[in-house]
>>> print(open('coords.txt').read())   # compact mmCIF, C-alpha atoms
# COMPACT_ATOMS: atom_id res chain seq x y z
CA MET A 79 0.00 0.00 0.00
CA SER A 80 1.48 3.30 -1.05
CA ASP A 81 1.51 6.38 1.13
CA CYS A 82 -1.45 7.83 -0.77
CA ASP A 83 -3.60 4.78 -0.01
CA GLN A 84 -2.86 5.15 3.69
CA ILE A 85 -3.37 8.92 3.64
CA ALA A 86 -6.63 8.56 1.71
CA LEU A 87 -8.10 6.60 4.67
CA LEU A 88 -7.26 9.51 6.94
CA LEU A 89 -8.54 12.35 4.78
CA GLY A 90 -12.12 12.18 5.98
CA PRO A 91 -11.20 12.34 9.69
CA PHE A 92 -8.57 14.92 8.82
CA ASP A 93 -11.23 17.10 7.22
CA ASP A 94 -13.38 16.72 10.33
CA GLY A 95 -10.40 17.44 12.62
CA GLU A 96 -10.74 14.09 14.36
CA LEU A 97 -7.13 12.81 14.02
CA ASP A 98 -4.47 12.81 16.66
CA PRO A 99 -2.01 15.69 16.43
CA HIS A 100 0.84 13.59 15.01
CA GLU A 101 -1.52 12.10 12.37
CA MET A 102 -2.79 15.56 11.51
CA GLN A 103 0.84 16.65 10.97
CA GLU A 104 1.66 13.59 8.86
CA VAL A 105 -1.44 14.05 6.62
CA ALA A 106 -0.77 17.77 6.26
CA ARG A 107 2.90 17.10 5.28
CA HIS A 108 1.74 14.55 2.68
CA LEU A 109 -0.91 16.86 1.24
CA ALA A 110 1.74 19.55 0.78
CA THR A 111 3.58 17.29 -1.73
CA CYS A 112 0.75 15.17 -3.17
CA LYS A 113 -1.54 16.80 -5.65
CA SER A 114 -3.95 13.83 -5.99
CA CYS A 115 -4.56 13.53 -2.27
CA GLU A 116 -5.12 17.29 -2.06
CA GLU A 117 -7.77 17.01 -4.79
CA LEU A 118 -9.34 14.05 -3.02
CA LEU A 119 -9.50 16.09 0.19
CA GLY A 120 -11.10 18.91 -1.82
CA ASP A 121 -13.74 16.48 -2.97
CA TYR A 122 -14.45 15.29 0.55
CA THR A 123 -14.74 18.87 1.75
CA ALA A 124 -17.08 19.82 -1.09
CA ILE A 125 -19.28 16.74 -0.52
CA GLY A 126 -19.49 17.47 3.21
CA ARG A 127 -20.37 21.11 2.62
CA GLU A 128 -23.05 20.22 0.07
CA LEU A 129 -24.55 17.53 2.37
CA ARG A 130 -24.79 20.00 5.25
CA GLU A 131 -26.53 22.47 2.97
CA ILE A 132 -29.02 19.86 1.79
CA ILE A 133 -30.02 18.45 5.19
CA ALA A 134 -32.55 20.63 7.04
CA ILE A 135 -31.80 20.78 10.79
CA PRO A 136 -35.06 20.42 12.70
CA PRO A 137 -35.81 23.20 15.25
CA LEU A 138 -34.83 22.20 18.85
CA THR A 139 -37.14 24.65 20.59
CA GLY A 140 -38.90 22.81 23.46
CA PHE A 141 -36.87 19.67 22.91
CA ALA A 142 -35.64 19.42 26.54
CA ALA A 143 -39.10 20.06 27.97
CA GLY A 144 -40.54 17.43 25.69
CA VAL A 145 -38.01 14.85 26.83
CA ASP A 146 -38.77 15.62 30.48
CA ALA A 147 -42.50 15.22 29.82
CA ARG A 148 -41.96 11.87 28.18
CA ILE A 149 -39.84 10.68 31.09
CA ALA A 150 -42.45 11.79 33.55
CA GLY A 151 -45.11 9.93 31.65
CA LEU A 152 -43.24 6.67 31.81
CA ARG A 153 -44.43 4.18 34.48
CA ALA A 154 -41.68 3.47 36.99
CA PRO A 155 -40.56 -0.13 37.44
CA LEU A 156 -42.37 -2.14 40.16
CA ARG A 157 -39.26 -2.39 42.34
CA GLU A 158 -38.80 1.37 42.40
CA ARG A 159 -42.49 1.90 43.11
CA LEU A 160 -42.39 -0.57 46.03
CA GLY A 161 -39.26 1.08 47.40
CA ALA A 162 -40.88 4.51 47.29
CA PHE A 163 -44.04 3.14 48.98
CA PHE A 164 -42.13 1.58 51.89
CA GLU A 165 -39.97 4.66 52.31
CA GLY A 166 -43.10 6.81 52.62
CA LEU A 167 -44.62 4.28 55.02
CA ASN A 168 -41.52 4.40 57.20
CA GLN A 169 -41.65 8.16 57.33
CA ARG A 170 -45.34 8.10 58.29
CA TRP A 171 -44.72 5.49 61.01
CA ALA A 172 -41.78 7.48 62.34
CA ALA A 173 -43.91 10.62 62.49
CA ALA A 174 -46.75 8.75 64.22
CA PHE A 175 -44.35 7.16 66.71
CA ALA A 176 -42.82 10.54 67.47
CA MET A 177 -46.28 12.04 68.04
CA VAL A 178 -47.35 9.21 70.36
CA SER A 179 -44.09 9.42 72.31
CA MET A 180 -44.44 13.16 72.72
CA ALA A 181 -48.05 12.82 73.89
CA GLY A 182 -47.00 10.17 76.42
CA ALA A 183 -44.21 12.34 77.75
CA VAL A 184 -46.58 15.30 78.11
CA ALA A 185 -49.08 13.07 79.96
CA VAL A 186 -46.42 11.80 82.37
CA VAL A 187 -45.11 15.30 83.09
CA THR A 188 -48.65 16.58 83.60
CA ALA A 189 -49.43 13.75 86.01
CA LEU A 190 -46.22 14.38 87.96
CA VAL A 191 -46.93 18.09 88.21
CA LEU A 192 -50.59 17.74 89.11
CA THR A 193 -50.38 14.81 91.54
CA PRO A 194 -49.27 16.82 94.62
CA TYR A 195 -52.06 19.36 94.05
CA LEU A 196 -54.61 16.56 93.58
CA ARG A 197 -53.42 14.90 96.76
CA ARG A 198 -53.65 18.17 98.61
CA SER A 199 -57.14 18.93 97.36
CA VAL A 200 -58.44 15.37 97.87
CA GLY A 201 -56.64 14.49 101.07
CA THR A 202 -57.51 17.45 103.29
CA GLY A 203 -59.80 15.35 105.44
CA VAL A 204 -57.35 12.55 106.05
CA GLN A 205 -56.16 12.23 109.61
CA ASN A 206 -52.46 12.31 110.30
CA ALA A 207 -51.73 13.72 106.86
CA PRO A 208 -48.21 15.09 106.62
CA MET A 209 -48.02 18.70 107.61
CA ALA A 210 -47.22 21.06 104.81
CA LYS A 211 -44.37 22.64 106.68
CA MET A 212 -40.69 22.72 106.02
CA GLU A 213 -38.30 22.97 108.87
CA ALA A 214 -35.14 24.96 108.46
CA PRO A 215 -32.05 22.82 108.96
CA ASN A 216 -30.51 23.25 112.36
CA THR A 217 -26.93 23.95 113.08
CA PRO A 218 -25.08 21.27 115.06
CA GLN A 219 -25.09 23.56 118.09
CA GLU A 220 -28.81 24.05 117.85
CA GLU A 221 -29.34 20.36 117.41
CA SER A 222 -27.40 19.61 120.57
CA GLU A 223 -29.61 22.03 122.46
CA GLN A 224 -32.85 20.73 121.09
CA LEU A 225 -34.75 17.62 121.80
CA ALA A 226 -34.96 15.43 118.78
CA SER A 227 -38.12 15.82 116.77
CA SER A 228 -40.78 13.47 118.03
CA PRO A 229 -43.39 12.86 115.33
CA ASN A 230 -46.60 11.25 116.52
CA ILE A 231 -45.36 11.01 120.08
CA ASN A 232 -48.81 10.06 121.21
CA PRO A 233 -50.33 8.20 118.28
CA GLY A 234 -52.87 6.44 120.48
CA ASP A 235 -54.36 9.70 121.68
CA SER A 236 -56.66 11.21 119.16
CA HIS A 237 -56.98 14.48 121.08
CA ALA A 238 -53.59 15.79 120.02
CA VAL A 239 -51.02 14.65 117.51
CA ILE A 240 -47.62 16.23 117.90
CA LYS A 241 -45.82 16.40 114.58
CA ARG A 242 -42.73 18.26 115.72
CA LEU A 243 -41.34 19.25 119.07
CA GLU A 244 -38.18 21.22 119.62
CA SER A 245 -37.11 22.38 123.05
CA GLN A 246 -34.15 24.09 124.62
CA ILE A 247 -34.65 21.83 127.62
CA PRO A 248 -33.18 18.37 127.06
CA THR A 249 -35.38 16.63 129.65
CA THR A 250 -38.67 17.60 128.04
CA ALA A 251 -41.30 14.91 128.46
CA VAL A 252 -44.56 14.28 126.64
CA TRP A 253 -47.41 12.06 127.68
CA SER A 254 -51.11 11.78 127.14
CA GLU A 255 -54.02 10.94 129.37
CA PRO A 256 -56.63 9.29 127.14
CA GLU A 257 -59.09 9.12 130.04
CA ASN A 258 -59.53 12.85 130.16
CA GLY A 259 -58.32 13.60 126.65
CA THR A 260 -55.32 15.66 127.64
CA THR A 261 -51.80 15.77 126.30
CA VAL A 262 -49.04 17.16 128.46
CA ILE A 263 -45.70 18.64 127.46
CA TRP A 264 -43.51 18.92 130.53
CA LEU A 265 -40.64 21.39 130.46
CA PRO A 266 -38.66 21.12 133.70
CA SER A 267 -37.14 24.42 134.71
CA GLU A 268 -33.47 24.79 134.00
CA GLN A 269 -31.45 24.75 137.22
CA MET B 33 -64.46 52.70 88.54
CA ALA B 34 -63.67 52.20 92.23
CA PHE B 35 -66.61 49.82 92.49
CA THR B 36 -65.34 47.79 89.54
CA VAL B 37 -61.84 47.54 90.95
CA GLY B 38 -63.17 46.61 94.37
CA THR B 39 -65.44 43.92 92.97
CA ALA B 40 -62.67 42.49 90.82
CA GLY B 41 -60.36 42.43 93.83
CA ARG B 42 -62.93 40.54 95.86
CA VAL B 43 -63.45 37.97 93.11
CA TRP B 44 -59.72 37.54 92.64
CA ALA B 45 -59.06 37.18 96.37
CA GLY B 46 -61.17 34.01 96.58
CA PRO B 47 -63.17 33.24 99.75
CA SER B 48 -63.96 36.26 101.82
CA LEU B 49 -62.76 36.58 105.40
CA ALA B 50 -66.28 36.04 106.65
CA SER B 51 -66.33 32.57 105.08
CA LEU B 52 -63.20 31.43 106.93
CA PRO B 53 -63.57 29.63 110.24
CA LYS B 54 -62.61 31.42 113.42
CA ILE B 55 -60.44 29.76 116.00
CA ALA B 56 -60.91 30.65 119.65
CA VAL B 57 -57.85 29.91 121.75
CA ARG B 58 -58.08 29.75 125.55
CA VAL B 59 -54.97 29.95 127.67
CA ASP B 60 -55.16 29.41 131.42
CA SER B 61 -52.07 29.95 133.52
CA VAL B 62 -52.12 27.97 136.75
CA VAL B 63 -49.53 27.79 139.49
CA ALA B 64 -49.30 24.36 141.08
CA SER B 65 -47.58 23.99 144.42
CA ASP B 66 -47.63 21.90 147.61
CA THR B 67 -49.00 24.50 149.97
CA HIS B 68 -52.20 22.53 150.74
CA GLN B 69 -54.58 25.29 149.69
CA GLY B 70 -56.68 23.17 147.38
CA ILE B 71 -58.05 24.04 144.00
CA ASP B 72 -58.90 27.60 143.02
CA ALA B 73 -62.67 27.96 142.70
CA ARG B 74 -62.26 29.49 139.27
CA LEU B 75 -60.74 26.22 138.09
CA THR B 76 -63.97 24.33 138.53
CA PRO B 77 -64.05 22.56 135.19
CA MET B 78 -60.28 22.10 134.96
CA GLY B 79 -59.39 21.36 138.58
CA PRO B 80 -60.20 17.63 138.64
CA ARG B 81 -58.34 17.15 135.43
CA LEU B 82 -55.25 18.80 136.87
CA GLN B 83 -55.53 16.73 140.01
CA SER B 84 -55.66 13.54 138.00
CA LEU B 85 -52.61 14.58 136.03
CA PHE B 86 -50.39 15.99 138.77
CA SER B 87 -49.92 15.42 142.47
CA TYR B 88 -49.79 18.96 143.78
CA THR B 89 -52.00 20.12 146.64
CA THR B 90 -52.61 23.66 145.43
CA TYR B 91 -53.77 24.89 142.05
CA HIS B 92 -54.14 28.63 141.69
CA LEU B 93 -55.40 30.32 138.52
CA VAL B 94 -53.12 33.24 137.70
CA SER B 95 -54.66 34.37 134.44
CA HIS B 96 -57.30 33.37 131.94
CA GLN B 97 -57.00 34.68 128.41
CA GLU B 98 -59.12 34.01 125.37
CA GLN B 99 -58.53 35.33 121.89
CA GLN B 100 -60.09 34.67 118.55
CA THR B 101 -58.35 34.63 115.22
CA ARG B 102 -58.64 33.63 111.59
CA MET B 103 -56.65 30.80 110.12
CA GLY B 104 -53.00 31.66 109.60
CA ALA B 105 -52.99 34.61 112.01
CA LEU B 106 -50.69 34.70 115.01
CA LEU B 107 -52.00 35.07 118.54
CA SER B 108 -49.73 36.18 121.33
CA PHE B 109 -50.38 35.56 125.02
CA ASN B 110 -48.44 37.11 127.88
CA LEU B 111 -47.82 34.53 130.57
CA PRO B 112 -46.57 34.86 134.14
CA GLY B 113 -42.83 35.16 134.64
CA GLY B 114 -42.15 37.11 131.45
CA ARG B 115 -43.08 34.22 129.23
CA ILE B 116 -44.90 34.67 125.97
CA LEU B 117 -46.88 32.08 124.05
CA HIS B 118 -47.43 32.34 120.32
CA VAL B 119 -50.25 30.31 118.83
CA GLU B 120 -50.79 30.16 115.10
CA PRO B 121 -53.59 27.95 113.81
CA HIS B 122 -52.86 27.20 110.18
CA ALA B 123 -55.23 24.48 109.00
CA ILE B 124 -58.28 22.46 109.86
CA GLU B 125 -57.98 18.78 109.06
CA GLY B 126 -61.17 16.96 109.78
CA ASP B 127 -61.92 17.48 113.46
CA MET B 128 -58.36 18.57 114.21
CA ILE B 129 -56.90 22.04 114.28
CA ALA B 130 -53.31 22.17 113.10
CA MET B 131 -51.30 24.84 114.80
CA GLU B 132 -47.84 25.93 115.75
CA LEU B 133 -46.98 26.86 119.31
CA ILE B 134 -43.89 28.71 120.42
CA LEU B 135 -43.19 29.36 124.09
CA PHE B 136 -40.72 32.15 124.73
CA GLN B 137 -38.81 32.97 127.87
CA GLY B 138 -38.29 36.65 127.19
CA GLU B 139 -37.00 36.68 123.63
CA ARG B 140 -35.58 33.16 123.80
CA PRO B 141 -37.77 30.39 122.39
CA LEU B 142 -38.03 27.62 125.00
CA MET B 143 -40.13 25.25 122.96
CA THR B 144 -41.56 25.03 119.47
CA THR B 145 -44.10 22.47 118.40
CA ASP B 146 -46.31 21.67 115.45
CA LEU B 147 -49.36 19.75 116.46
CA LYS B 148 -52.92 18.93 115.64
CA LEU B 149 -55.34 19.43 118.49
CA ARG B 150 -58.83 18.03 118.42
CA ASN B 151 -61.55 20.66 118.30
CA HIS B 152 -62.38 21.59 121.93
CA GLY B 153 -59.33 19.58 123.02
CA VAL B 154 -56.77 20.68 125.61
CA LEU B 155 -52.99 20.67 125.61
CA ILE B 156 -51.09 21.31 128.79
CA ILE B 157 -47.61 22.70 128.94
CA GLY B 158 -46.10 22.53 132.39
CA GLY B 159 -42.89 22.60 134.25
CA PRO B 160 -41.44 26.11 134.29
CA ARG B 161 -40.95 27.48 137.79
CA TYR B 162 -43.07 30.41 138.90
CA GLU B 163 -42.94 31.89 142.37
CA GLU B 164 -43.23 28.96 144.81
CA GLY B 165 -44.51 26.38 142.36
CA MET B 166 -44.73 25.14 138.84
CA LEU B 167 -46.46 26.98 136.05
CA ILE B 168 -49.08 24.94 134.20
CA ILE B 169 -50.40 26.40 130.98
CA SER B 170 -53.62 24.94 129.64
CA ILE B 171 -54.26 25.62 125.97
CA GLY B 172 -57.64 24.90 124.42
CA ALA B 173 -58.84 25.58 120.90
CA ASP B 174 -62.34 25.76 119.49
CA CYS B 175 -63.18 26.04 115.85
CA ARG B 176 -66.20 28.10 114.94
CA ARG B 177 -67.13 27.41 111.35
CA PRO B 178 -69.40 29.69 109.38
CA ARG B 179 -72.55 27.86 108.33
CA THR B 180 -72.00 28.06 104.59
CA ALA B 181 -68.25 27.94 104.51
CA ASP B 182 -66.50 25.13 102.77
CA VAL B 183 -63.19 25.16 104.50
CA GLY B 184 -60.32 22.79 103.84
CA ALA B 185 -56.68 22.89 104.73
CA LEU B 186 -55.56 26.45 104.41
CA PRO B 187 -52.14 27.61 103.36
CA LEU B 188 -49.46 28.37 105.83
CA ARG B 189 -48.25 31.85 106.48
CA PRO B 190 -44.68 32.62 107.44
CA HIS B 191 -44.29 34.44 110.73
CA SER B 192 -41.65 36.08 112.75
CA ALA B 193 -39.56 34.09 115.21
CA THR B 194 -39.36 36.93 117.67
CA PRO B 195 -42.04 37.16 120.32
CA GLN B 196 -44.77 39.73 120.10
CA ALA B 197 -46.22 40.76 123.42
CA ALA B 198 -49.91 41.17 123.88
CA ALA B 199 -51.78 42.42 126.89
CA PRO B 200 -53.74 39.70 128.69
CA GLU B 201 -57.47 40.09 128.45
>>> encode(input="coords.txt", output="structure tokens")
Amino acid sequence: MSDCDQIALLLGPFDDGELDPHEMQEVARHLATCKSCEELLGDYTAIGRELREIIAIPPLTGFAAGVDARIAGLRAPLRERLGAFFEGLNQRWAAAFAMVSMAGAVAVVTALVLTPYLRRSVGTGVQNAPMAKMEAPNTPQEESEQLASSPNINPGDSHAVIKRLESQIPTTAVWSEPENGTTVIWLPSEQ
Amino acid sequence: MAFTVGTAGRVWAGPSLASLPKIAVRVDSVVASDTHQGIDARLTPMGPRLQSLFSYTTYHLVSHQEQQTRMGALLSFNLPGGRILHVEPHAIEGDMIAMELILFQGERPLMTTDLKLRNHGVLIIGGPRYEEGMLIISIGADCRRPRTADVGALPLRPHSATPQAAAPE
């Protein structure tokens, strides 16, 4: 195969600019010295130009929008549809679970907050209910001077129920006389 | 305008004072000794009770005081020997009157107690020396409920720890 036969195979791509740079150089160097190949290239170029003039290029206005509409109209495969369905279901379940959890938490907090008030309002008639009184903490010195608190010292006597008793006198005594319904707190004088 | 504000204030304040129960507190100060003088005639209802509780031969009534108050208000009683008794009823629980008692010797608190006393019940505090004997303080409380009042446990009210003197009645 002569050089012209090899170059002739490359003329079409050469005319379209599709060859590698070293091939483009080789074809161009050959064309500079070969009259027949140059004429053949002129023919290719003329044919290409005439073909482009003959063929009417359709208008592309709205082409992209049309493609999108066609894609949207296509029915998705069953697997994708099932996947989308379960994903949506998961999201709905998660939302429902979150709502139920939040409602439960609000109910628990409400019950915790309201319970003491309910107890107070319901339990006012209960005997021996805890007194709603806070005692200030005593210092060690004060504690040594005071008699220890004596809740329900006389539980058998319904005439008086002592919930707290603090005295500066360490020998303080308490007793009750159920027969005459009297409770006595005895504070011996300090000597 | 003033009428509107007054009415709104009354509605906002909840139950009126007239609907709250009154508490009558009786404080009898008795000197018990062994001088063989018997029981003071003024102690007629209380004398036998004191005799059954203690073994003294003389019971002499030094003072009788009675004051009335609303729930949560402090009563102050002057007692013989420079002692002062503070009584603060703060709730009614069933048939019991919850109250706080503080007995002062001058400005020094001798005893503090929180207790519930049955309506018309009696608590006796005894032991401090007075003159030739022992001082016995009888404390009674009576609740007088208004007819239409619906009274439950009432809130506590903070009070001062220093004694407030009041003239005996």
>>> residues_near_point(input="coords.txt", point="(-53.2, 24.2, 116.2)", cutoff="6 Å", atoms="only C-alpha atoms", output="count of residues only")
8
>>> residues_around(input="coords.txt", residues="segment 100-105 of chain A", least_positions_apart="3", cutoff="8 Å", atoms="all atoms listed in the file", output="ChimeraX atom specification")
/A:85,88-89,92,95,97,108-109
>>> interface_residues(input="coords.txt", of="chain B", to="chain A", cutoff="7 Å", atoms="all atoms listed in the file", output="ChimeraX atom specification")
/B:81,125-126,142-150,153-161,184-185
>>> atom_distance(input="coords.txt", atom1="atom CA of Glu131 of chain A", atom2="atom CA of Gly90 of chain A")
18.0 Å
>>> atom_distance(input="coords.txt", atom1="atom CA of Ala173 of chain B", atom2="atom CA of Pro77 of chain B")
15.5 Å
>>> atom_distance(input="coords.txt", atom1="atom CA of Val63 of chain B", atom2="atom CA of Leu135 of chain B")
16.7 Å
>>> residues_around(input="coords.txt", residues="segment 98-115 of chain B", least_positions_apart="4", cutoff="6 Å", atoms="all atoms listed in the file", output="NGL selection string")
:B and (54-58 or 119-122 or 136-138 or 189 or 198 or 200)
>>> residues_near_point(input="coords.txt", point="(-47.3, 20.1, 146.4)", cutoff="8 Å", atoms="all atoms listed in the file", output="JSON, numbers by chain")
{"B": [64, 65, 66, 67, 68, 87, 88, 89, 90, 165]}
>>> build_atoms(input="coords.txt", residues="segment 150-184 of chain B", atoms="N, CA and C atoms", output="PDB file, in the coordinates of the input")
ATOM      1  N   ARG B 150     -57.410  18.256 118.728  1.00  0.00           N
ATOM      2  CA  ARG B 150     -58.830  18.030 118.420  1.00  0.00           C
ATOM      3  C   ARG B 150     -59.639  19.265 118.807  1.00  0.00           C
ATOM      4  N   ASN B 151     -60.661  19.527 117.993  1.00  0.00           N
ATOM      5  CA  ASN B 151     -61.550  20.660 118.300  1.00  0.00           C
ATOM      6  C   ASN B 151     -62.090  20.510 119.731  1.00  0.00           C
ATOM      7  N   HIS B 152     -61.997  21.531 120.507  1.00  0.00           N
ATOM      8  CA  HIS B 152     -62.380  21.590 121.930  1.00  0.00           C
ATOM      9  C   HIS B 152     -61.410  20.773 122.805  1.00  0.00           C
ATOM     10  N   GLY B 153     -60.309  20.334 122.241  1.00  0.00           N
ATOM     11  CA  GLY B 153     -59.330  19.580 123.020  1.00  0.00           C
ATOM     12  C   GLY B 153     -58.438  20.506 123.834  1.00  0.00           C
ATOM     13  N   VAL B 154     -57.625  19.896 124.704  1.00  0.00           N
ATOM     14  CA  VAL B 154     -56.770  20.680 125.610  1.00  0.00           C
ATOM     15  C   VAL B 154     -55.350  20.119 125.563  1.00  0.00           C
ATOM     16  N   LEU B 155     -54.409  21.023 125.489  1.00  0.00           N
ATOM     17  CA  LEU B 155     -52.990  20.670 125.610  1.00  0.00           C
ATOM     18  C   LEU B 155     -52.445  21.399 126.826  1.00  0.00           C
ATOM     19  N   ILE B 156     -51.665  20.691 127.591  1.00  0.00           N
ATOM     20  CA  ILE B 156     -51.090  21.310 128.790  1.00  0.00           C
ATOM     21  C   ILE B 156     -49.579  21.364 128.655  1.00  0.00           C
ATOM     22  N   ILE B 157     -49.066  22.542 128.891  1.00  0.00           N
ATOM     23  CA  ILE B 157     -47.610  22.700 128.940  1.00  0.00           C
ATOM     24  C   ILE B 157     -47.273  23.074 130.382  1.00  0.00           C
ATOM     25  N   GLY B 158     -46.427  22.275 130.991  1.00  0.00           N
ATOM     26  CA  GLY B 158     -46.100  22.530 132.390  1.00  0.00           C
ATOM     27  C   GLY B 158     -44.624  22.429 132.647  1.00  0.00           C
ATOM     28  N   GLY B 159     -44.265  22.808 133.849  1.00  0.00           N
ATOM     29  CA  GLY B 159     -42.890  22.600 134.250  1.00  0.00           C
ATOM     30  C   GLY B 159     -42.096  23.822 134.626  1.00  0.00           C
ATOM     31  N   PRO B 160     -42.271  24.961 133.923  1.00  0.00           N
ATOM     32  CA  PRO B 160     -41.440  26.110 134.290  1.00  0.00           C
ATOM     33  C   PRO B 160     -41.765  26.595 135.703  1.00  0.00           C
ATOM     34  N   ARG B 161     -40.746  26.981 136.418  1.00  0.00           N
ATOM     35  CA  ARG B 161     -40.950  27.480 137.790  1.00  0.00           C
ATOM     36  C   ARG B 161     -41.604  28.850 137.759  1.00  0.00           C
ATOM     37  N   TYR B 162     -42.486  29.072 138.737  1.00  0.00           N
ATOM     38  CA  TYR B 162     -43.070  30.410 138.900  1.00  0.00           C
ATOM     39  C   TYR B 162     -43.381  30.600 140.375  1.00  0.00           C
ATOM     40  N   GLU B 163     -42.803  31.618 140.942  1.00  0.00           N
ATOM     41  CA  GLU B 163     -42.940  31.890 142.370  1.00  0.00           C
ATOM     42  C   GLU B 163     -42.597  30.619 143.177  1.00  0.00           C
ATOM     43  N   GLU B 164     -43.546  30.117 143.957  1.00  0.00           N
ATOM     44  CA  GLU B 164     -43.230  28.960 144.810  1.00  0.00           C
ATOM     45  C   GLU B 164     -43.654  27.634 144.182  1.00  0.00           C
ATOM     46  N   GLY B 165     -44.017  27.641 142.940  1.00  0.00           N
ATOM     47  CA  GLY B 165     -44.510  26.380 142.360  1.00  0.00           C
ATOM     48  C   GLY B 165     -44.146  26.228 140.882  1.00  0.00           C
ATOM     49  N   MET B 166     -44.926  25.430 140.260  1.00  0.00           N
ATOM     50  CA  MET B 166     -44.730  25.140 138.840  1.00  0.00           C
ATOM     51  C   MET B 166     -45.840  25.827 138.047  1.00  0.00           C
ATOM     52  N   LEU B 167     -45.469  26.354 136.919  1.00  0.00           N
ATOM     53  CA  LEU B 167     -46.460  26.980 136.050  1.00  0.00           C
ATOM     54  C   LEU B 167     -47.077  25.906 135.147  1.00  0.00           C
ATOM     55  N   ILE B 168     -48.369  25.869 135.092  1.00  0.00           N
ATOM     56  CA  ILE B 168     -49.080  24.940 134.200  1.00  0.00           C
ATOM     57  C   ILE B 168     -49.923  25.786 133.251  1.00  0.00           C
ATOM     58  N   ILE B 169     -49.681  25.604 131.983  1.00  0.00           N
ATOM     59  CA  ILE B 169     -50.400  26.400 130.980  1.00  0.00           C
ATOM     60  C   ILE B 169     -51.358  25.460 130.244  1.00  0.00           C
ATOM     61  N   SER B 170     -52.618  25.765 130.327  1.00  0.00           N
ATOM     62  CA  SER B 170     -53.620  24.940 129.640  1.00  0.00           C
ATOM     63  C   SER B 170     -54.055  25.684 128.376  1.00  0.00           C
ATOM     64  N   ILE B 171     -53.933  24.991 127.254  1.00  0.00           N
ATOM     65  CA  ILE B 171     -54.260  25.620 125.970  1.00  0.00           C
ATOM     66  C   ILE B 171     -55.417  24.846 125.340  1.00  0.00           C
ATOM     67  N   GLY B 172     -56.498  25.530 125.080  1.00  0.00           N
ATOM     68  CA  GLY B 172     -57.640  24.900 124.420  1.00  0.00           C
ATOM     69  C   GLY B 172     -57.969  25.651 123.146  1.00  0.00           C
ATOM     70  N   ALA B 173     -58.489  24.945 122.176  1.00  0.00           N
ATOM     71  CA  ALA B 173     -58.840  25.580 120.900  1.00  0.00           C
ATOM     72  C   ALA B 173     -60.215  25.116 120.460  1.00  0.00           C
ATOM     73  N   ASP B 174     -60.996  26.065 119.999  1.00  0.00           N
ATOM     74  CA  ASP B 174     -62.340  25.760 119.490  1.00  0.00           C
ATOM     75  C   ASP B 174     -62.481  26.368 118.102  1.00  0.00           C
ATOM     76  N   CYS B 175     -62.968  25.555 117.217  1.00  0.00           N
ATOM     77  CA  CYS B 175     -63.180  26.040 115.850  1.00  0.00           C
ATOM     78  C   CYS B 175     -64.638  26.448 115.714  1.00  0.00           C
ATOM     79  N   ARG B 176     -64.837  27.628 115.181  1.00  0.00           N
ATOM     80  CA  ARG B 176     -66.200  28.100 114.940  1.00  0.00           C
ATOM     81  C   ARG B 176     -66.364  28.323 113.452  1.00  0.00           C
ATOM     82  N   ARG B 177     -66.988  27.343 112.810  1.00  0.00           N
ATOM     83  CA  ARG B 177     -67.130  27.410 111.350  1.00  0.00           C
ATOM     84  C   ARG B 177     -68.356  28.241 110.969  1.00  0.00           C
ATOM     85  N   PRO B 178     -68.210  29.042 109.941  1.00  0.00           N
ATOM     86  CA  PRO B 178     -69.400  29.690 109.380  1.00  0.00           C
ATOM     87  C   PRO B 178     -70.310  28.631 108.776  1.00  0.00           C
ATOM     88  N   ARG B 179     -71.603  28.888 108.763  1.00  0.00           N
ATOM     89  CA  ARG B 179     -72.550  27.860 108.330  1.00  0.00           C
ATOM     90  C   ARG B 179     -72.319  27.427 106.891  1.00  0.00           C
ATOM     91  N   THR B 180     -72.063  28.387 106.020  1.00  0.00           N
ATOM     92  CA  THR B 180     -72.000  28.060 104.590  1.00  0.00           C
ATOM     93  C   THR B 180     -70.576  27.885 104.104  1.00  0.00           C
ATOM     94  N   ALA B 181     -69.632  27.975 104.986  1.00  0.00           N
ATOM     95  CA  ALA B 181     -68.250  27.940 104.510  1.00  0.00           C
ATOM     96  C   ALA B 181     -67.842  26.515 104.175  1.00  0.00           C
ATOM     97  N   ASP B 182     -67.098  26.410 103.147  1.00  0.00           N
ATOM     98  CA  ASP B 182     -66.500  25.130 102.770  1.00  0.00           C
ATOM     99  C   ASP B 182     -65.015  25.276 102.975  1.00  0.00           C
ATOM    100  N   VAL B 183     -64.559  24.850 104.120  1.00  0.00           N
ATOM    101  CA  VAL B 183     -63.190  25.160 104.500  1.00  0.00           C
ATOM    102  C   VAL B 183     -62.366  23.897 104.523  1.00  0.00           C
ATOM    103  N   GLY B 184     -61.252  23.912 103.814  1.00  0.00           N
ATOM    104  CA  GLY B 184     -60.320  22.790 103.840  1.00  0.00           C
ATOM    105  C   GLY B 184     -59.036  23.225 104.479  1.00  0.00           C
TER     106      GLY B 184
END
